[in-house]
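Student: Sharing protein.csv (CSV, C-alpha atoms) below.
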```csv
chain,number,residue,atom,x,y,z
A,1,MET,CA,16.0,22.6,-19.6
A,2,SER,CA,15.0,24.6,-16.5
A,3,THR,CA,17.4,24.7,-13.5
A,4,ASN,CA,17.8,26.1,-9.9
A,5,TRP,CA,14.5,24.8,-8.5
A,6,GLU,CA,15.1,24.3,-4.8
A,7,TYR,CA,13.0,22.5,-2.2
A,8,ASP,CA,13.1,21.1,1.3
A,9,CYS,CA,12.3,17.7,0.0
A,10,ILE,CA,11.7,16.0,-3.4
A,11,VAL,CA,9.5,12.9,-3.4
A,12,ILE,CA,10.0,10.7,-6.5
A,13,GLY,CA,7.0,8.6,-7.5
A,14,ALA,CA,3.4,9.8,-7.2
A,15,GLY,CA,1.7,6.5,-6.3
A,16,VAL,CA,-0.2,6.2,-3.0
A,17,GLN,CA,2.9,6.0,-0.8
A,18,GLY,CA,4.7,8.9,-2.4
A,19,SER,CA,1.6,11.1,-2.6
A,20,PHE,CA,0.9,10.6,1.1
A,21,THR,CA,4.5,11.2,2.0
A,22,ALA,CA,4.4,14.5,0.1
A,23,TYR,CA,1.1,15.4,1.8
A,24,GLN,CA,2.6,14.7,5.3
A,25,LEU,CA,5.6,16.8,4.4
A,26,ALA,CA,3.5,19.7,3.2
A,27,GLU,CA,1.5,19.5,6.4
A,28,LYS,CA,4.7,20.1,8.3
A,29,LYS,CA,5.4,23.2,6.2
A,30,GLN,CA,8.1,21.6,4.1
A,31,LYS,CA,8.5,23.0,0.6
A,32,THR,CA,7.9,19.8,-1.3
A,33,LEU,CA,8.1,18.6,-4.9
A,34,LEU,CA,6.3,15.4,-6.0
A,35,LEU,CA,7.8,14.0,-9.3
A,36,GLU,CA,6.0,11.4,-11.5
A,37,GLN,CA,7.4,10.0,-14.7
A,38,PHE,CA,4.0,9.4,-16.4
A,39,ILE,CA,1.1,11.7,-17.1
A,40,LEU,CA,-1.3,11.6,-14.1
A,41,PRO,CA,-3.5,9.6,-13.8
A,42,HIS,CA,-2.0,6.5,-15.3
A,43,THR,CA,-2.3,2.7,-15.2
A,44,ARG,CA,1.3,1.6,-15.3
A,45,GLY,CA,2.1,1.2,-11.6
A,46,SER,CA,0.6,-0.3,-8.4
A,47,SER,CA,-1.8,2.4,-7.2
A,48,HIS,CA,-4.3,2.6,-10.0
A,49,GLY,CA,-7.7,0.8,-10.2
A,50,GLN,CA,-11.2,1.3,-8.9
A,51,THR,CA,-10.9,-0.4,-5.6
A,52,ARG,CA,-8.5,-1.9,-3.0
A,53,ILE,CA,-9.3,-4.0,0.1
A,54,ILE,CA,-8.8,-2.3,3.5
A,55,ARG,CA,-8.5,-4.6,6.4
A,56,LYS,CA,-7.1,-5.2,9.9
A,57,ALA,CA,-7.0,-9.0,9.4
A,58,TYR,CA,-3.3,-10.0,9.2
A,59,GLU,CA,-1.2,-12.9,10.3
A,60,GLN,CA,1.3,-10.4,11.9
A,61,GLY,CA,0.2,-8.2,14.7
A,62,PHE,CA,2.4,-5.2,13.7
A,63,TYR,CA,0.4,-4.8,10.5
A,64,THR,CA,-2.9,-4.8,12.5
A,65,HIS,CA,-1.5,-2.2,14.9
A,66,MET,CA,-0.5,0.1,12.0
A,67,MET,CA,-3.9,-0.3,10.3
A,68,GLU,CA,-5.6,1.1,13.4
A,69,GLU,CA,-4.1,4.5,12.7
A,70,SER,CA,-4.3,4.1,9.0
A,71,TYR,CA,-8.1,3.9,9.2
A,72,GLU,CA,-8.1,7.1,11.2
A,73,LEU,CA,-5.9,8.9,8.7
A,74,TRP,CA,-8.1,7.7,5.8
A,75,ALA,CA,-11.2,9.1,7.7
A,76,GLN,CA,-9.3,12.4,8.3
A,77,LEU,CA,-8.6,12.7,4.5
A,78,GLU,CA,-12.3,12.1,3.8
A,79,ARG,CA,-13.3,14.8,6.2
A,80,GLU,CA,-10.8,17.3,4.9
A,81,ALA,CA,-11.7,16.8,1.2
A,82,GLY,CA,-15.4,16.1,1.7
A,83,VAL,CA,-15.0,12.9,-0.4
A,84,LYS,CA,-16.1,9.4,0.3
A,85,LEU,CA,-13.1,7.0,0.0
A,86,TYR,CA,-14.1,3.9,1.9
A,87,ARG,CA,-17.1,1.5,2.0
A,88,GLN,CA,-17.5,-1.0,4.7
A,89,THR,CA,-18.2,-4.5,3.4
A,90,GLY,CA,-16.4,-6.8,5.9
A,91,LEU,CA,-13.7,-9.3,4.9
A,92,LEU,CA,-14.4,-13.0,5.0
A,93,VAL,CA,-11.3,-15.0,5.8
A,94,MET,CA,-11.5,-18.8,5.1
A,95,GLY,CA,-9.0,-21.6,5.4
A,96,PRO,CA,-8.5,-25.1,6.9
A,97,GLU,CA,-9.5,-24.8,10.5
A,98,ASP,CA,-6.4,-26.6,11.7
A,99,SER,CA,-3.9,-24.7,9.5
A,100,GLN,CA,-1.3,-22.3,10.9
A,101,SER,CA,-2.1,-19.5,8.6
A,102,TYR,CA,-5.9,-19.5,9.3
A,103,GLN,CA,-5.3,-19.7,13.1
A,104,LEU,CA,-2.9,-16.7,12.9
A,105,TYR,CA,-5.5,-14.6,11.3
A,106,LYS,CA,-8.2,-15.6,13.7
A,107,ASN,CA,-6.0,-15.3,16.8
A,108,ASN,CA,-4.6,-12.0,15.8
A,109,LEU,CA,-8.1,-10.5,15.3
A,110,GLN,CA,-9.1,-11.8,18.7
A,111,LYS,CA,-5.9,-10.6,20.5
A,112,ASN,CA,-6.3,-7.1,19.1
A,113,LYS,CA,-10.0,-6.9,19.8
A,114,VAL,CA,-10.9,-6.2,16.2
A,115,PRO,CA,-14.7,-6.5,15.7
A,116,MET,CA,-15.2,-9.9,14.2
A,117,ALA,CA,-17.6,-12.8,13.7
A,118,ILE,CA,-16.7,-16.5,13.8
A,119,LEU,CA,-18.7,-18.6,11.4
A,120,ASN,CA,-19.2,-22.3,11.0
A,121,ARG,CA,-21.0,-24.6,8.5
A,122,ASP,CA,-24.2,-24.3,10.5
A,123,ASN,CA,-24.6,-20.5,10.4
A,124,PHE,CA,-22.4,-19.6,7.4
A,125,SER,CA,-25.1,-19.4,4.7
A,126,GLN,CA,-27.1,-17.1,7.0
A,127,HIS,CA,-24.4,-14.5,7.0
A,128,ILE,CA,-22.7,-15.1,3.6
A,129,PRO,CA,-25.2,-15.9,0.8
A,130,ASN,CA,-24.2,-17.7,-2.4
A,131,VAL,CA,-20.9,-19.0,-1.0
A,132,ASN,CA,-20.2,-22.5,0.3
A,133,LEU,CA,-17.7,-23.2,3.1
A,134,ALA,CA,-15.6,-26.2,2.4
A,135,VAL,CA,-15.6,-29.2,4.7
A,136,GLY,CA,-12.9,-28.7,7.3
A,137,ASP,CA,-12.6,-25.0,6.7
A,138,GLY,CA,-13.2,-22.3,9.3
A,139,ALA,CA,-14.3,-18.8,8.6
A,140,VAL,CA,-14.1,-15.4,10.4
A,141,VAL,CA,-15.2,-12.0,9.3
A,142,ASP,CA,-13.2,-8.8,9.9
A,143,ILE,CA,-16.2,-6.6,10.3
A,144,THR,CA,-14.3,-3.3,9.9
A,145,ALA,CA,-12.9,-4.2,6.5
A,146,GLY,CA,-14.1,-2.9,3.2
A,147,VAL,CA,-13.0,-1.3,-0.1
A,148,LEU,CA,-11.1,1.9,-0.8
A,149,TYR,CA,-11.9,3.8,-3.9
A,150,ALA,CA,-8.3,3.7,-5.2
A,151,ASP,CA,-8.3,6.2,-8.1
A,152,ARG,CA,-10.4,8.6,-6.2
A,153,ALA,CA,-8.2,8.3,-3.1
A,154,LEU,CA,-5.1,9.1,-5.1
A,155,LYS,CA,-6.6,12.1,-6.8
A,156,THR,CA,-7.8,13.3,-3.4
A,157,VAL,CA,-4.6,13.2,-1.5
A,158,GLN,CA,-2.7,14.8,-4.4
A,159,GLY,CA,-5.3,17.6,-4.5
A,160,GLN,CA,-4.9,18.2,-0.8
A,161,PHE,CA,-1.2,18.3,-1.2
A,162,GLU,CA,-1.4,21.0,-3.8
A,163,LYS,CA,-3.9,23.0,-1.7
A,164,MET,CA,-1.2,23.1,1.0
A,165,GLY,CA,1.3,24.6,-1.5
A,166,GLY,CA,2.9,21.4,-2.8
A,167,VAL,CA,4.1,21.1,-6.4
A,168,ILE,CA,3.4,18.1,-8.6
A,169,ARG,CA,5.3,17.7,-11.9
A,170,ASP,CA,4.2,14.7,-13.9
A,171,ASN,CA,5.5,13.4,-17.2
A,172,GLU,CA,9.0,14.0,-15.9
A,173,LYS,CA,11.2,10.9,-15.8
A,174,VAL,CA,14.2,11.1,-13.3
A,175,THR,CA,17.4,10.6,-15.2
A,176,ASP,CA,20.0,11.1,-12.4
A,177,ILE,CA,20.3,11.6,-8.7
A,178,LYS,CA,23.5,13.1,-7.2
A,179,SER,CA,23.8,12.6,-3.5
A,180,GLY,CA,25.4,15.1,-1.1
A,181,PRO,CA,24.4,17.6,1.6
A,182,VAL,CA,22.1,19.0,-1.1
A,183,VAL,CA,20.7,16.3,-3.4
A,184,THR,CA,20.4,17.1,-7.1
A,185,VAL,CA,17.7,15.4,-9.1
A,186,SER,CA,17.7,15.6,-12.9
A,187,THR,CA,14.7,14.9,-14.9
A,188,SER,CA,13.7,14.9,-18.6
A,189,ALA,CA,12.5,18.5,-18.1
A,190,GLY,CA,14.6,20.1,-15.4
A,191,VAL,CA,17.1,20.0,-12.6
A,192,TYR,CA,16.0,20.3,-9.0
A,193,ARG,CA,17.8,20.5,-5.7
A,194,ALA,CA,16.6,19.6,-2.2
A,195,LYS,CA,17.9,19.0,1.3
A,196,SER,CA,16.4,15.5,1.1
A,197,VAL,CA,14.8,13.0,-1.2
A,198,VAL,CA,12.3,10.3,-0.7
A,199,ILE,CA,12.1,7.5,-3.3
A,200,THR,CA,8.8,5.7,-3.7
A,201,ALA,CA,9.0,4.6,-7.3
A,202,GLY,CA,7.3,1.3,-7.2
A,203,PRO,CA,8.6,-1.1,-9.9
A,204,TRP,CA,11.2,1.4,-10.9
A,205,ALA,CA,12.7,1.8,-7.4
A,206,ASN,CA,15.9,-0.1,-8.1
A,207,ARG,CA,16.5,1.8,-11.3
A,208,LEU,CA,16.5,5.0,-9.3
A,209,LEU,CA,18.4,3.6,-6.3
A,210,ALA,CA,21.2,2.5,-8.7
A,211,HIS,CA,22.1,6.2,-9.0
A,212,THR,CA,22.8,6.2,-5.2
A,213,GLY,CA,24.8,3.0,-5.3
A,214,LEU,CA,22.2,0.6,-3.8
A,215,GLN,CA,20.1,-2.3,-5.1
A,216,LEU,CA,17.3,-4.0,-3.1
A,217,PRO,CA,16.1,-7.6,-3.6
A,218,LEU,CA,12.8,-6.6,-5.3
A,219,LYS,CA,11.0,-8.7,-7.8
A,220,VAL,CA,8.4,-7.1,-10.1
A,221,VAL,CA,5.3,-9.3,-10.5
A,222,LYS,CA,2.3,-8.7,-12.7
A,223,MET,CA,-0.9,-9.4,-10.9
A,224,ASN,CA,-3.6,-11.0,-13.0
A,225,VAL,CA,-7.2,-10.5,-12.1
A,226,TYR,CA,-10.0,-12.9,-12.9
A,227,TYR,CA,-13.6,-11.9,-13.5
A,228,TRP,CA,-16.6,-14.2,-13.4
A,229,LYS,CA,-19.8,-12.7,-14.9
A,230,GLU,CA,-22.8,-13.0,-12.6
A,231,LYS,CA,-25.6,-15.2,-13.9
A,232,VAL,CA,-28.0,-13.0,-12.0
A,233,PRO,CA,-26.8,-9.3,-12.0
A,234,GLY,CA,-26.2,-8.0,-8.4
A,235,THR,CA,-26.0,-11.5,-6.8
A,236,TYR,CA,-22.5,-10.8,-5.5
A,237,ASP,CA,-22.9,-7.1,-4.9
A,238,VAL,CA,-22.2,-5.4,-1.6
A,239,LYS,CA,-25.9,-4.5,-1.4
A,240,GLN,CA,-26.5,-8.2,-1.2
A,241,ARG,CA,-24.1,-8.5,1.8
A,242,PHE,CA,-21.3,-10.0,-0.4
A,243,PRO,CA,-18.0,-9.1,1.3
A,244,CYS,CA,-14.4,-8.9,0.3
A,245,PHE,CA,-12.8,-12.4,0.9
A,246,LEU,CA,-9.5,-14.0,1.5
A,247,LEU,CA,-8.7,-17.8,1.2
A,248,THR,CA,-5.6,-18.5,3.2
A,249,GLU,CA,-4.7,-21.7,1.3
A,250,CYS,CA,-6.1,-24.3,-1.1
A,251,GLU,CA,-4.9,-27.2,-3.3
A,252,GLU,CA,-4.6,-25.0,-6.4
A,253,THR,CA,-2.0,-22.5,-5.1
A,254,LYS,CA,0.4,-21.8,-2.3
A,255,TYR,CA,-0.6,-18.1,-2.4
A,256,HIS,CA,-3.6,-16.4,-0.7
A,257,ILE,CA,-6.6,-15.9,-3.0
A,258,TYR,CA,-8.5,-12.7,-2.4
A,259,GLY,CA,-11.4,-11.0,-4.1
A,260,LEU,CA,-13.8,-8.1,-3.7
A,261,PRO,CA,-17.3,-7.2,-4.9
A,262,SER,CA,-16.1,-4.5,-7.4
A,263,ASN,CA,-14.4,-4.3,-10.8
A,264,GLU,CA,-10.6,-4.4,-10.8
A,265,TYR,CA,-7.8,-4.6,-13.3
A,266,PRO,CA,-4.2,-5.7,-13.3
A,267,GLY,CA,-1.3,-3.9,-11.9
A,268,LEU,CA,2.4,-4.4,-11.0
A,269,MET,CA,3.5,-5.6,-7.6
A,270,LYS,CA,7.0,-5.3,-6.1
A,271,MET,CA,7.7,-8.4,-4.1
A,272,THR,CA,10.4,-8.6,-1.4
A,273,PRO,CA,11.6,-12.1,-0.5
A,274,ASP,CA,9.6,-12.1,2.8
A,275,GLN,CA,6.7,-10.0,1.4
A,276,HIS,CA,7.2,-7.3,4.0
A,277,PHE,CA,7.7,-3.6,3.1
A,278,VAL,CA,11.1,-1.8,2.9
A,279,LEU,CA,11.0,1.5,4.9
A,280,ASP,CA,14.5,2.8,5.6
A,281,ARG,CA,17.2,5.4,5.3
A,282,HIS,CA,19.9,5.0,2.7
A,283,PRO,CA,22.9,3.4,4.5
A,284,SER,CA,25.4,5.9,3.0
A,285,HIS,CA,23.2,9.0,2.6
A,286,SER,CA,21.1,10.0,5.6
A,287,ASN,CA,19.1,12.5,3.6
A,288,ILE,CA,17.8,9.9,1.2
A,289,VAL,CA,14.9,7.7,2.4
A,290,PHE,CA,13.0,5.1,0.5
A,291,GLY,CA,9.8,3.0,0.6
A,292,ALA,CA,9.5,0.0,-1.6
A,293,GLY,CA,8.4,-3.7,-1.9
A,294,PHE,CA,4.8,-3.2,-0.9
A,295,SER,CA,4.2,-6.7,-2.2
A,296,GLY,CA,0.6,-6.3,-3.3
A,297,HIS,CA,-0.8,-5.3,0.1
A,298,GLY,CA,0.5,-1.7,0.6
A,299,PHE,CA,-2.3,0.6,-0.7
A,300,LYS,CA,-4.3,0.5,2.5
A,301,PHE,CA,-1.2,1.5,4.5
A,302,GLY,CA,-0.7,4.6,2.3
A,303,PRO,CA,-1.4,7.2,5.0
A,304,ILE,CA,0.7,5.6,7.7
A,305,ILE,CA,3.6,4.8,5.3
A,306,GLY,CA,3.5,8.5,4.3
A,307,LYS,CA,3.7,9.5,7.9
A,308,LEU,CA,6.6,7.1,8.6
A,309,LEU,CA,8.6,8.2,5.6
A,310,CYS,CA,8.0,11.8,6.5
A,311,GLU,CA,9.3,11.1,10.1
A,312,LEU,CA,12.4,9.3,8.7
A,313,ILE,CA,13.4,12.1,6.4
A,314,LEU,CA,12.9,14.8,9.0
A,315,GLY,CA,14.9,12.8,11.6
A,316,GLU,CA,12.0,12.2,13.9
A,317,VAL,CA,11.5,9.1,16.0
A,318,PRO,CA,9.2,6.8,13.9
A,319,SER,CA,5.7,6.2,15.3
A,320,TYR,CA,6.1,2.5,14.9
A,321,ASP,CA,8.9,-0.1,15.3
A,322,LEU,CA,10.5,-0.3,11.8
A,323,SER,CA,12.7,-3.3,12.5
A,324,PRO,CA,10.5,-5.6,10.3
A,325,PHE,CA,11.0,-3.2,7.4
A,326,ARG,CA,14.7,-2.3,7.6
A,327,ILE,CA,17.0,-3.3,4.8
A,328,ARG,CA,19.5,-5.0,7.2
A,329,ARG,CA,17.3,-8.1,7.1
A,330,PHE,CA,18.5,-8.5,3.5
A,331,GLN,CA,22.2,-8.0,4.2
A,332,ASP,CA,23.2,-11.0,2.1
A,333,GLN,CA,20.9,-9.9,-0.8
A,334,THR,CA,21.5,-6.1,-1.0
A,335,LYS,CA,24.4,-5.0,-3.2
A,336,SER,CA,26.2,-2.0,-4.4
A,337,ALA,CA,25.2,-0.7,-7.8
A,338,LEU,CA,28.5,1.1,-8.2
```
For the structure just supplied, provide its representation as structure tokens.

Tutor:
Amino acid sequence: MSTNWEYDCIVIGAGVQGSFTAYQLAEKKQKTLLLEQFILPHTRGSSHGQTRIIRKAYEQGFYTHMMEESYELWAQLEREAGVKLYRQTGLLVMGPEDSQSYQLYKNNLQKNKVPMAILNRDNFSQHIPNVNLAVGDGAVVDITAGVLYADRALKTVQGQFEKMGGVIRDNEKVTDIKSGPVVTVSTSAGVYRAKSVVITAGPWANRLLAHTGLQLPLKVVKMNVYYWKEKVPGTYDVKQRFPCFLLTECEETKYHIYGLPSNEYPGLMKMTPDQHFVLDRHPSHSNIVFGAGFSGHGFKFGPIIGKLLCELILGEVPSYDLSPFRIRRFQDQTKSAL
């Protein structure tokens, strides 16, 4: 077992959040190690797959504000690497016209001046072919939305990180974390030390946080994806103006239903009780920061989450208000693991 590897920061978990955190740290000249328990690339977490939706359409304004910069950072990565990571398709949001959820989406898009189109039953089929709008439903289109090429994006940000001198060690499972002024991280292959640690371990976050005496109210959920074969190939292709879509509510389920004009396959989601992220500093160890609970909608935020976790671990003022994401909102649900 190798020892005495020393870094400014160790990031544990090489999904999209961890990879962008490592990338941001390397940009700020921090000697950074990115650890991953599986051989890269792999399909056992939350960041794999061909595509993810990118959108500004949200019920909450703070997500829309964050996505403004996230779009810019995705475009910056495309320019740096010379790789196409995003395709604009639009996002069709449908729901009962008089429902609170649908109105929040619509009003938030309008309030934040996001390019959008409001559709009704008279003009719907002209804009969205091969889809019927239910009686009583309204529809808006977030024109800026589209798809991110997820696997390609992950490979690209990891490649840029390495170009800046960052180190990736995959197939190394973390077996212990010893806190202190210098944090010691033991893996299946070595022992590393760093001034600080960022934990972005997806479904395995609590297993790692247990070494630091903390547990978060995270629930791991397997996301099932349904596929309907087209009767006429290409009917629901982006080339035929078929967009990503989101149905805010229906009789069959209390959850949002979303889809996209690309192949996809299942992954694991980490759900918080309120379905908002957890971005915070460890309450007992200021040099340990974590990002978790991205609840199935975190991939598109990867660049901005990486920036925020980088700011937290370097002691900088965060670019955004993190109060919606602090662990204190779960005071009665977090617990010591000691």

Student: For Met66 in chain A, which residue among A:Val238, A:Tyr23, A:Asn112, A:Ala210 is the nearest when counting only C-alpha atoms?

Tutor: A:Asn112

Student: Which residues come within 9 Å of range 47-64 of chain A, counting only C-alpha atoms, excluding same-chain residues fewer than 4 positions away, as JSON, numbers by chain?

Tutor: {"A": [15, 16, 17, 41, 42, 43, 68, 71, 86, 88, 90, 91, 93, 101, 102, 103, 104, 105, 106, 107, 108, 109, 111, 112, 114, 141, 142, 143, 144, 145, 146, 147, 148, 149, 150, 151, 152, 154, 244, 259, 260, 262, 263, 264, 265, 266, 267, 268, 297, 299, 300, 301, 320, 321, 324]}

Student: Considering all atoms listed in the file, state which residue in the set A:Tyr255, A:Phe161, A:Phe20, A:Phe290 is at the smallest distance from Leu208 in chain A.

Tutor: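 Once distances to Leu208 in chain A are computed over all atoms listed in the file, the minimum belongs to A:Phe290.
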
Student: Identify which of the residues A:Ser19, A:Asn171, A:Ser70, A:Thr156 lies closest to Glu36 in chain A, counting only C-alpha atoms when measuring atom-to-atom distances.

Tutor: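 Residue with the minimum atom-to-atom distance to Glu36 in chain A: A:Asn171.
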
Student: How many Å lie between CA of His211 in chain A and CA of Gly291 in chain A, rounded to one decimal?

Tutor: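 Between CA of His211 in chain A and CA of Gly291 in chain A the gap works out to 15.9 Å.
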
Student: Using only C-alpha atoms, determine which residues lie at most 7 Å from range 7-13 of chain A, disregarding the query and same-chain residues fewer than 4 positions distant; provide the list as a PDB file with C-alpha atoms, in the coordinates of the input.

Tutor:
```
ATOM      1  CA  GLY A  18       4.700   8.900  -2.400  1.00  0.00           C
ATOM      2  CA  ALA A  22       4.400  14.500   0.100  1.00  0.00           C
ATOM      3  CA  GLN A  30       8.100  21.600   4.100  1.00  0.00           C
ATOM      4  CA  LYS A  31       8.500  23.000   0.600  1.00  0.00           C
ATOM      5  CA  THR A  32       7.900  19.800  -1.300  1.00  0.00           C
ATOM      6  CA  LEU A  33       8.100  18.600  -4.900  1.00  0.00           C
ATOM      7  CA  LEU A  34       6.300  15.400  -6.000  1.00  0.00           C
ATOM      8  CA  LEU A  35       7.800  14.000  -9.300  1.00  0.00           C
ATOM      9  CA  GLU A  36       6.000  11.400 -11.500  1.00  0.00           C
ATOM     10  CA  ARG A 193      17.800  20.500  -5.700  1.00  0.00           C
ATOM     11  CA  ALA A 194      16.600  19.600  -2.200  1.00  0.00           C
ATOM     12  CA  LYS A 195      17.900  19.000   1.300  1.00  0.00           C
ATOM     13  CA  SER A 196      16.400  15.500   1.100  1.00  0.00           C
ATOM     14  CA  VAL A 197      14.800  13.000  -1.200  1.00  0.00           C
ATOM     15  CA  VAL A 198      12.300  10.300  -0.700  1.00  0.00           C
ATOM     16  CA  ILE A 199      12.100   7.500  -3.300  1.00  0.00           C
ATOM     17  CA  THR A 200       8.800   5.700  -3.700  1.00  0.00           C
ATOM     18  CA  ALA A 201       9.000   4.600  -7.300  1.00  0.00           C
TER      19      ALA A 201
END
```

Student: When distances are computed from all atoms listed in the file, which of A:Leu246, A:Ile118, A:Val220, A:Val183 shows the smallest separation from Asn287 in chain A?

Tutor: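 Closest candidate: A:Val183.
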
Student: For range 134-141 of chain A, take all atoms listed in the file, fit an axis-aligned box around them, add 5 Å to each of the six sides, then output centre and edge lengths in Å rounded to one decimal, as lines of an AutoDock Vina configuration file.

Tutor:
```
center_x = -14.1
center_y = -20.6
center_z = 6.4
size_x = 13.0
size_y = 27.2
size_z = 18.0
```

Student: Skip Glu69 in chain A itself and residues of its chain fewer than 4 positions away, then list as number ranges by chain all residues within 10 Å of it, counting all atoms listed in the file.

Tutor: A: 64-65, 73-75, 301, 303-304

Student: Interatomic distance between CA of Val83 in chain A and CA of Lys28 in chain A?

Tutor: 22.7 Å

Student: Could you check how far CA of His276 in chain A sits from CA of Gly293 in chain A, in Å to one decimal?

Tutor: 7.0 Å

Student: Using all atoms listed in the file, determine which residues lie at most 9 Å from Ile327 in chain A, disregarding the query and same-chain residues fewer than 4 positions distant; provide the list as a PyMOL selection string.

Tutor: chain A and resi 216+278-281+283+323+331+334

Student: Skipping near chain neighbours, those fewer than 3 positions away, what residues fall within 7 Å of Thr212 in chain A using only C-alpha atoms, listed as a PyMOL selection string?

Tutor: chain A and resi 177+179+209

Student: When distances are computed from only C-alpha atoms, which of A:Pro129, A:Pro318, A:Gly165, A:Gly159 shows the smallest separation from Thr235 in chain A?

Tutor: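 Among the listed residues, the smallest separation from Thr235 in chain A belongs to A:Pro129.
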
Student: For a quick check of understanding, using all atoms listed in the file, which of A:Val174, A:Met164, A:Leu247, A:Ala292 has the smallest distance to Leu25 in chain A?

Tutor: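 Once distances to Leu25 in chain A are computed over all atoms listed in the file, the minimum belongs to A:Met164.
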